[in-house]
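For reference, run-v5.cif (mmCIF, C-alpha atoms):
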```cif
data_upload
loop_
_atom_site.label_atom_id
_atom_site.label_comp_id
_atom_site.auth_asym_id
_atom_site.auth_seq_id
_atom_site.Cartn_x
_atom_site.Cartn_y
_atom_site.Cartn_z
CA MET M 1 5.50 -11.13 26.92
CA ILE M 2 4.51 -9.77 30.28
CA LYS M 3 2.95 -13.04 31.35
CA LEU M 4 6.02 -15.01 30.25
CA ARG M 5 8.34 -12.78 32.27
CA GLU M 6 6.06 -12.90 35.33
CA GLU M 7 5.92 -16.70 35.23
CA THR M 8 9.66 -16.99 34.69
CA LEU M 9 10.39 -14.69 37.62
CA ALA M 10 7.92 -16.60 39.81
CA GLY M 11 9.72 -19.84 38.96
CA LYS M 12 6.68 -21.58 37.52
CA LYS M 13 7.04 -25.16 36.39
CA GLY M 14 8.56 -25.56 32.94
CA ARG M 15 10.09 -22.08 32.78
CA GLY M 16 13.58 -23.01 33.88
CA GLU M 17 15.92 -21.35 36.32
CA LEU M 18 17.10 -17.77 35.99
CA SER M 19 20.73 -16.92 36.43
CA ASP M 20 21.74 -14.26 38.95
CA LYS M 21 22.82 -12.05 36.06
CA ARG M 22 19.56 -12.38 34.11
CA ARG M 23 17.09 -11.94 37.02
CA PRO M 24 17.61 -8.18 37.61
CA ILE M 25 17.50 -7.54 33.86
CA MET M 26 14.20 -9.40 33.57
CA ILE M 27 12.72 -7.54 36.54
CA LYS M 28 13.55 -4.19 34.93
CA GLU M 29 12.22 -5.41 31.56
CA LEU M 30 8.95 -6.36 33.21
CA GLU M 31 8.61 -2.93 34.84
CA ILE M 32 9.26 -1.17 31.53
CA LEU M 33 6.88 -3.44 29.61
CA ARG M 34 4.03 -2.78 31.99
CA ASP M 35 4.40 0.96 31.44
CA LEU M 36 5.15 0.80 27.73
CA VAL M 37 2.53 -1.49 26.21
CA ALA M 38 -0.15 1.10 25.43
CA LYS M 39 2.11 4.03 24.59
CA ASP M 40 3.85 3.02 21.34
CA LYS M 41 1.91 2.71 18.06
CA SER M 42 4.78 3.59 15.69
CA VAL M 43 5.70 -0.08 15.13
CA ASP M 44 2.15 -0.83 14.09
CA ASN M 45 2.17 2.03 11.60
CA GLU M 46 5.53 0.97 10.16
CA VAL M 47 4.37 -2.61 9.57
CA ARG M 48 1.14 -1.36 8.01
CA GLU M 49 3.16 0.60 5.47
CA PHE M 50 5.10 -2.49 4.42
CA ALA M 51 2.44 -5.21 4.76
CA THR M 52 0.67 -4.70 1.44
CA ASP M 53 -0.32 -6.92 -1.46
CA SER M 54 2.32 -5.38 -3.71
CA ASP M 55 5.09 -6.11 -1.19
CA LEU M 56 3.78 -9.64 -0.78
CA LYS M 57 4.07 -10.09 -4.56
CA LYS M 58 7.63 -8.72 -4.52
CA HIS M 59 8.77 -11.01 -1.68
CA PRO M 60 6.47 -14.06 -1.69
CA SER M 61 8.78 -16.55 0.00
CA LYS M 62 10.50 -14.22 2.47
CA PHE M 63 7.64 -11.85 3.27
CA LEU M 64 7.64 -12.42 7.05
CA SER M 65 11.38 -12.10 7.48
CA VAL M 66 11.56 -9.02 5.23
CA CYS M 67 8.77 -7.32 7.20
CA GLN M 68 10.50 -8.04 10.49
CA ASN M 69 13.87 -6.84 9.20
CA VAL M 70 12.36 -3.62 7.87
CA VAL M 71 10.90 -2.89 11.28
CA LEU M 72 13.83 -4.09 13.41
CA ASN M 73 16.41 -2.16 11.37
CA ASN M 74 14.48 1.10 11.42
CA GLU M 75 16.61 3.59 13.36
CA ARG M 76 13.74 6.05 13.80
CA LEU M 77 11.67 3.38 15.55
CA GLU M 78 14.54 2.51 17.84
CA MET M 79 15.11 6.14 18.76
CA ASP M 80 11.38 6.65 19.40
CA PHE M 81 11.40 3.53 21.56
CA ARG M 82 14.38 4.77 23.57
CA LEU M 83 12.71 8.15 24.10
CA ILE M 84 9.57 6.47 25.38
CA VAL M 85 11.61 4.25 27.71
CA VAL M 86 13.50 7.28 29.06
CA SER M 87 10.23 9.13 29.67
CA ILE M 88 8.74 6.16 31.53
CA VAL M 89 11.56 4.92 33.76
CA GLU M 90 14.49 6.34 35.63
CA VAL M 91 17.75 7.07 33.82
CA GLU M 92 19.57 4.05 35.26
CA ALA M 93 17.31 1.48 33.61
CA ALA M 94 17.04 3.47 30.37
CA SER M 95 20.81 3.63 29.99
CA ASP M 96 21.27 -0.14 30.32
CA GLU M 97 21.79 -1.34 26.74
CA ASP M 98 20.94 -5.00 27.49
CA ILE M 99 17.51 -4.13 28.84
CA VAL M 100 16.57 -1.62 26.16
CA ASN M 101 17.85 -3.69 23.22
CA GLY M 102 16.23 -6.87 24.51
CA LEU M 103 12.91 -5.14 25.04
CA PHE M 104 13.06 -3.41 21.67
CA ARG M 105 13.72 -6.64 19.78
CA ALA M 106 11.12 -8.64 21.70
CA LEU M 107 8.39 -6.02 21.60
CA VAL M 108 8.93 -5.01 18.00
CA SER M 109 9.02 -8.57 16.71
CA LYS M 110 5.89 -9.43 18.70
CA LEU M 111 3.98 -6.40 17.41
CA ALA M 112 5.22 -6.96 13.86
CA ASN M 113 4.17 -10.62 13.90
CA THR M 114 0.73 -9.68 15.19
CA ARG M 115 0.18 -7.05 12.50
CA ILE M 116 1.53 -9.31 9.73
CA ASN M 117 -0.77 -12.15 10.80
CA GLU M 118 -3.74 -9.77 10.80
CA PHE M 119 -2.81 -8.66 7.28
CA LEU M 120 -2.48 -12.25 6.04
CA ASN M 121 -5.78 -13.30 7.68
CA ALA M 122 -7.60 -10.33 6.15
CA ARG M 123 -6.10 -11.17 2.77
CA MET M 124 -7.25 -14.78 3.08
CA GLU M 125 -10.77 -13.68 4.02
CA ARG M 126 -10.81 -11.31 1.05
CA GLN M 127 -9.78 -14.13 -1.30
CA LEU M 128 -12.43 -16.47 0.12
CA LYS M 129 -15.08 -13.79 -0.28
CA ASP M 130 -14.04 -13.18 -3.89
CA GLN M 131 -14.34 -16.93 -4.55
CA GLY M 132 -17.82 -16.96 -2.99
CA LYS M 133 -16.87 -19.30 -0.16
CA VAL M 134 -17.63 -16.80 2.61
CA VAL M 135 -20.86 -14.93 3.32
CA ASP M 136 -20.97 -11.45 4.86
CA ALA M 137 -22.49 -11.18 8.31
CA ASP M 138 -25.35 -9.04 7.02
CA GLU M 139 -26.37 -11.61 4.38
CA MET M 140 -28.84 -14.30 5.27
CA LEU M 141 -27.06 -17.63 5.21
CA ARG M 142 -30.03 -19.96 4.80
CA PRO M 143 -31.33 -18.57 1.46
CA ARG M 144 -27.77 -18.45 0.17
CA LEU M 145 -27.18 -22.11 1.07
CA LYS M 146 -30.51 -23.14 -0.49
CA ALA M 147 -29.60 -21.37 -3.71
CA TYR M 148 -26.17 -23.01 -3.71
CA THR M 149 -27.67 -26.47 -3.09
CA LEU M 150 -30.22 -26.05 -5.87
CA ALA M 151 -27.56 -24.84 -8.26
CA THR M 152 -25.33 -27.84 -7.58
CA LYS M 153 -28.22 -30.32 -7.91
CA ARG M 154 -29.18 -28.92 -11.31
CA LYS M 155 -25.71 -29.42 -12.71
#
```

So that I can check it, write out the structure of this file as structure tokens.
Amino acid sequence: MIKLREETLAGKKGRGELSDKRRPIMIKELEILRDLVAKDKSVDNEVREFATDSDLKKHPSKFLSVCQNVVLNNERLEMDFRLIVVSIVEVEAASDEDIVNGLFRALVSKLANTRINEFLNARMERQLKDQGKVVDADEMLRPRLKAYTLATKRK
């Protein structure tokens, strides 16, 4: 997100032109993002609570959208986010609703997507390991492959 805003403000090729109204908002967003990135872990914890196998079974087709909505509609997260923004920047930028809401939505959805993808990848790896298609790093691969090859030839 930081890189995208930097490139857009620099006018890099393919990023399009910024309107006079949007440029100051994006500059303030970039300043806040630089200060905020490492400070807030509450979104990560909230997604972890919801991204479980049982919730995936409850909402198989809409799992991603439900996870994002749970996080985006959480008032406690939004208040925590606003408190962090107020502690980082001056009151003028923190009171601007466009900046804070835009940053909250962008940052929360980005963090939620990252955590959800990590959960889904870990789940896929767990399934592959249960099926015997993946070998742990501490196992020796060569003897395992030899045993698999011999077993398939004997069938």

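Counting from CA of Pro143 (chain M), the distance to CA of Gln131 (chain M) is 18.1 Å.
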
One residue among M:Ala51, M:Leu56, M:Val134, M:Leu83 is nearest to Ile116 (chain M) when using all atoms listed in the file, and that residue is M:Ala51

CA of Asn101 (chain M) and CA of Asn74 (chain M), how far apart in Å?
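It comes out at 13.2 Å.
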
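Minimum distance to Lys3 (chain M) across M:Leu30, M:Leu128, M:Val100, M:Val66 (counting all atoms listed in the file) occurs at M:Leu30.
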
Check: Given the file above and the PyMOL selection byres ((chain M and resi 119) around 12), which residues are selected, and can you give them as a VMD selection string?
Finding: chain M and resid 44 47 to 53 55 to 56 63 to 64 67 112 to 118 120 to 126

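Here CA of Asp130 (chain M) is placed at a distance of 19.5 Å from CA of Lys146 (chain M).
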
Fill in: Residues matched by the PyMOL selection byres ((chain M and resi 71) around 10) as a list in words
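Taken over the shown coordinates, the PyMOL selection byres ((chain M and resi 71) around 10) returns Ser42, Val43, Asp44, Glu46, Val47, Phe50, Ser65, Val66, Cys67, Gln68, Asn69, Val70, Leu72, Asn73, Asn74, Glu75, Arg76, Leu77, Glu78, Arg105, Val108, Ser109, Leu111 and Ala112 of chain M.
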
**Shortest interatomic distance to Ile25 (chain M) - which of M:Leu145, M:Leu4, M:Ile99, M:Leu107, counting all atoms listed in the file** =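 Between M:Leu145, M:Leu4, M:Ile99, M:Leu107, the residue approaching Ile25 (chain M) most closely is M:Ile99.
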
Shortest contact to Pro24 (chain M), candidates M:Ile2, M:Met79, M:Leu9, M:Leu150, atoms counted only C-alpha atoms, goes to M:Leu9

- prompt: Which residues come within 12 Å of Thr8 (chain M), counting all atoms listed in the file, excluding same-chain residues fewer than 3 positions away, as JSON, numbers by chain?
  reply: {"M": [1, 2, 3, 4, 5, 11, 12, 13, 14, 15, 16, 17, 18, 19, 22, 23, 26, 27, 30]}

Exercise. M:Arg142, M:Leu103, M:Arg82, M:Lys57: which is nearest Leu33 (chain M), counting all atoms listed in the file?
Worked result: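 Of all the options, M:Leu103 lies closest to Leu33 (chain M).
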
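Nearest to Phe81 (chain M) of all the residues M:Lys133, M:Lys62, M:Ile32, M:Glu6 is M:Ile32, counting only C-alpha atoms.
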
Filled-in N, CA and C atoms of region 15-31 of chain M, supplied as an mmCIF file, keeping the file's coordinate frame:
```cif
data_model
loop_
_atom_site.group_PDB
_atom_site.id
_atom_site.type_symbol
_atom_site.label_atom_id
_atom_site.label_comp_id
_atom_site.auth_asym_id
_atom_site.auth_seq_id
_atom_site.Cartn_x
_atom_site.Cartn_y
_atom_site.Cartn_z
ATOM 1 N N ARG M 15 9.475 -23.320 33.248
ATOM 2 C CA ARG M 15 10.090 -22.080 32.780
ATOM 3 C C ARG M 15 11.607 -22.077 32.945
ATOM 4 N N GLY M 16 12.137 -22.965 33.701
ATOM 5 C CA GLY M 16 13.580 -23.010 33.880
ATOM 6 C C GLY M 16 14.060 -22.050 34.948
ATOM 7 N N GLU M 17 15.317 -22.175 35.277
ATOM 8 C CA GLU M 17 15.920 -21.350 36.320
ATOM 9 C C GLU M 17 16.559 -20.111 35.703
ATOM 10 N N LEU M 18 16.470 -19.010 36.416
ATOM 11 C CA LEU M 18 17.100 -17.770 35.990
ATOM 12 C C LEU M 18 18.465 -17.638 36.645
ATOM 13 N N SER M 19 19.417 -17.164 35.858
ATOM 14 C CA SER M 19 20.730 -16.920 36.430
ATOM 15 C C SER M 19 20.690 -15.632 37.253
ATOM 16 N N ASP M 20 21.670 -15.465 38.124
ATOM 17 C CA ASP M 20 21.740 -14.260 38.950
ATOM 18 C C ASP M 20 21.955 -13.018 38.102
ATOM 19 N N LYS M 21 22.580 -13.186 36.950
ATOM 20 C CA LYS M 21 22.820 -12.050 36.060
ATOM 21 C C LYS M 21 21.543 -11.660 35.311
ATOM 22 N N ARG M 22 20.745 -12.635 34.926
ATOM 23 C CA ARG M 22 19.560 -12.380 34.110
ATOM 24 C C ARG M 22 18.354 -11.891 34.925
ATOM 25 N N ARG M 23 18.246 -12.290 36.192
ATOM 26 C CA ARG M 23 17.090 -11.940 37.020
ATOM 27 C C ARG M 23 16.865 -10.420 37.140
ATOM 28 N N PRO M 24 17.878 -9.625 37.498
ATOM 29 C CA PRO M 24 17.610 -8.180 37.610
ATOM 30 C C PRO M 24 17.253 -7.544 36.259
ATOM 31 N N ILE M 25 17.837 -8.051 35.189
ATOM 32 C CA ILE M 25 17.500 -7.540 33.860
ATOM 33 C C ILE M 25 16.040 -7.824 33.550
ATOM 34 N N MET M 26 15.583 -9.039 33.855
ATOM 35 C CA MET M 26 14.200 -9.400 33.570
ATOM 36 C C MET M 26 13.216 -8.620 34.441
ATOM 37 N N ILE M 27 13.585 -8.339 35.663
ATOM 38 C CA ILE M 27 12.720 -7.540 36.540
ATOM 39 C C ILE M 27 12.537 -6.135 35.965
ATOM 40 N N LYS M 28 13.639 -5.528 35.513
ATOM 41 C CA LYS M 28 13.550 -4.190 34.930
ATOM 42 C C LYS M 28 12.765 -4.228 33.605
ATOM 43 N N GLU M 29 12.985 -5.270 32.799
ATOM 44 C CA GLU M 29 12.220 -5.410 31.560
ATOM 45 C C GLU M 29 10.726 -5.480 31.834
ATOM 46 N N LEU M 30 10.368 -6.220 32.853
ATOM 47 C CA LEU M 30 8.950 -6.360 33.210
ATOM 48 C C LEU M 30 8.354 -5.016 33.635
ATOM 49 N N GLU M 31 9.087 -4.259 34.426
ATOM 50 C CA GLU M 31 8.610 -2.930 34.840
ATOM 51 C C GLU M 31 8.397 -2.024 33.635
#
```
